[in-house]
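Reading through the structure tokens given below for one structure.
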Amino acid sequence: MNDDENSGYFDDDGEKLNPNLISKPDLCTTCRKDEVEDEEILCNLNRLDQAGEEEFICYAYKSKFEKEDMNDETKDDVIKF
């Protein structure tokens with residue numbers, strides 16, 4: 001059995017899904033996480049899950065065009081002296 005047959009994305013029926021065939025919503029192209037390798041799997045799963053839906057919703061979206069604020073999540077990552 002080939003590794004390609006066992007890896008990737010699959011639906012509930014076991015059918016292999018190709019995330020490259022799912023169109024990327026406009027919202028994704030303006031997200032700072034777009035094309036970030038560490039986020040690729042989660043973004044693909046979100047897009048695959050919502051494929052064919054009328055409206056695309058992403059709760060992890062962060063605009064490329066807005067200044068990033070220091071929220072509670074990133075405060076812990078800051079080195080303090």
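Chain labels A, B, ... are given in the sequence in which chains occur in the structure tokens; within each chain residues are numbered consecutively from 1, and ligands are likewise numbered from 1 in the order shown.
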- Message: What parts of chain A does DSSP call alpha helix (DSSP H)? I'd like the answer as number ranges by chain.
- Response: A: 3-6, 26-29, 40-49, 72-75
Preceding selection exported with C-alpha atoms as a PDB file, in the first residue's frame:
```pdb
ATOM      1  CA  ASP A   3       1.730   6.161   1.707  1.00  0.00           C
ATOM      2  CA  ASP A   4      -0.294   8.528  -0.513  1.00  0.00           C
ATOM      3  CA  GLU A   5      -3.306   6.243  -0.062  1.00  0.00           C
ATOM      4  CA  ASN A   6      -3.128   6.573   3.747  1.00  0.00           C
ATOM      5  CA  ASP A  26     -11.776  35.808  -0.430  1.00  0.00           C
ATOM      6  CA  LEU A  27     -11.633  36.034   3.364  1.00  0.00           C
ATOM      7  CA  CYS A  28      -8.670  33.624   3.380  1.00  0.00           C
ATOM      8  CA  THR A  29      -6.666  35.710   0.922  1.00  0.00           C
ATOM      9  CA  GLU A  40      -2.219  25.053   6.487  1.00  0.00           C
ATOM     10  CA  ILE A  41      -3.857  21.898   7.868  1.00  0.00           C
ATOM     11  CA  LEU A  42      -6.382  23.767  10.032  1.00  0.00           C
ATOM     12  CA  CYS A  43      -7.220  26.193   7.232  1.00  0.00           C
ATOM     13  CA  ASN A  44      -7.687  23.350   4.739  1.00  0.00           C
ATOM     14  CA  LEU A  45      -9.935  21.429   7.134  1.00  0.00           C
ATOM     15  CA  ASN A  46     -12.044  24.539   7.738  1.00  0.00           C
ATOM     16  CA  ARG A  47     -12.418  25.180   3.992  1.00  0.00           C
ATOM     17  CA  LEU A  48     -13.199  21.514   3.245  1.00  0.00           C
ATOM     18  CA  ASP A  49     -15.789  21.424   6.034  1.00  0.00           C
ATOM     19  CA  ASP A  72      -3.963  37.816  26.232  1.00  0.00           C
ATOM     20  CA  GLU A  73      -2.781  34.982  23.970  1.00  0.00           C
ATOM     21  CA  THR A  74       0.387  36.769  22.876  1.00  0.00           C
ATOM     22  CA  LYS A  75       1.202  38.410  26.198  1.00  0.00           C
TER      23      LYS A  75
END
```
- Item | strand (DSSP E) call set, DSSP backbone run, chain A, as a ChimeraX atom specification | /A:9-10,16-17
Could you dump the residues just selected with C-alpha atoms as an mmCIF file, in the first residue's frame?
```cif
data_model
loop_
_atom_site.group_PDB
_atom_site.id
_atom_site.type_symbol
_atom_site.label_atom_id
_atom_site.label_comp_id
_atom_site.auth_asym_id
_atom_site.auth_seq_id
_atom_site.Cartn_x
_atom_site.Cartn_y
_atom_site.Cartn_z
ATOM 1 C CA TYR A 9 -7.847 14.456 3.963
ATOM 2 C CA PHE A 10 -10.820 12.092 4.010
ATOM 3 C CA LYS A 16 -10.100 11.098 -0.194
ATOM 4 C CA LEU A 17 -10.488 14.875 -0.543
#
```
- Could you please determine the separation between atom CA of Lys24 of chain A and atom CA of Ala51 of chain A in Å, to one decimal place? 9.6 Å
- Item | Spatial neighbours of segment 30-33 of chain A, 7 Å, only C-alpha atoms, chain gap at least 3 places, as a list in words |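 Using only C-alpha atoms, the neighbours found are Asp26, Leu27, Val36, Glu39, Tyr61, Lys62, Ser63 and Lys64 of chain A.
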- So what do you get for atom CA of Asn20 of chain A versus atom CA of Tyr59 of chain A, distance-wise? 21.5 Å
- Name the closest residue to Glu55 of chain A among the candidates A:Asp12, A:Glu68, A:Glu35, A:Pro25; distances are taken between atoms, counting only C-alpha atoms.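 Checking each candidate against Glu55 of chain A, we get A:Pro25 as the closest.
When atom CA of Glu37 of chain A is paired with atom CA of Gly52 of chain A, their separation reads 24.7 Å.
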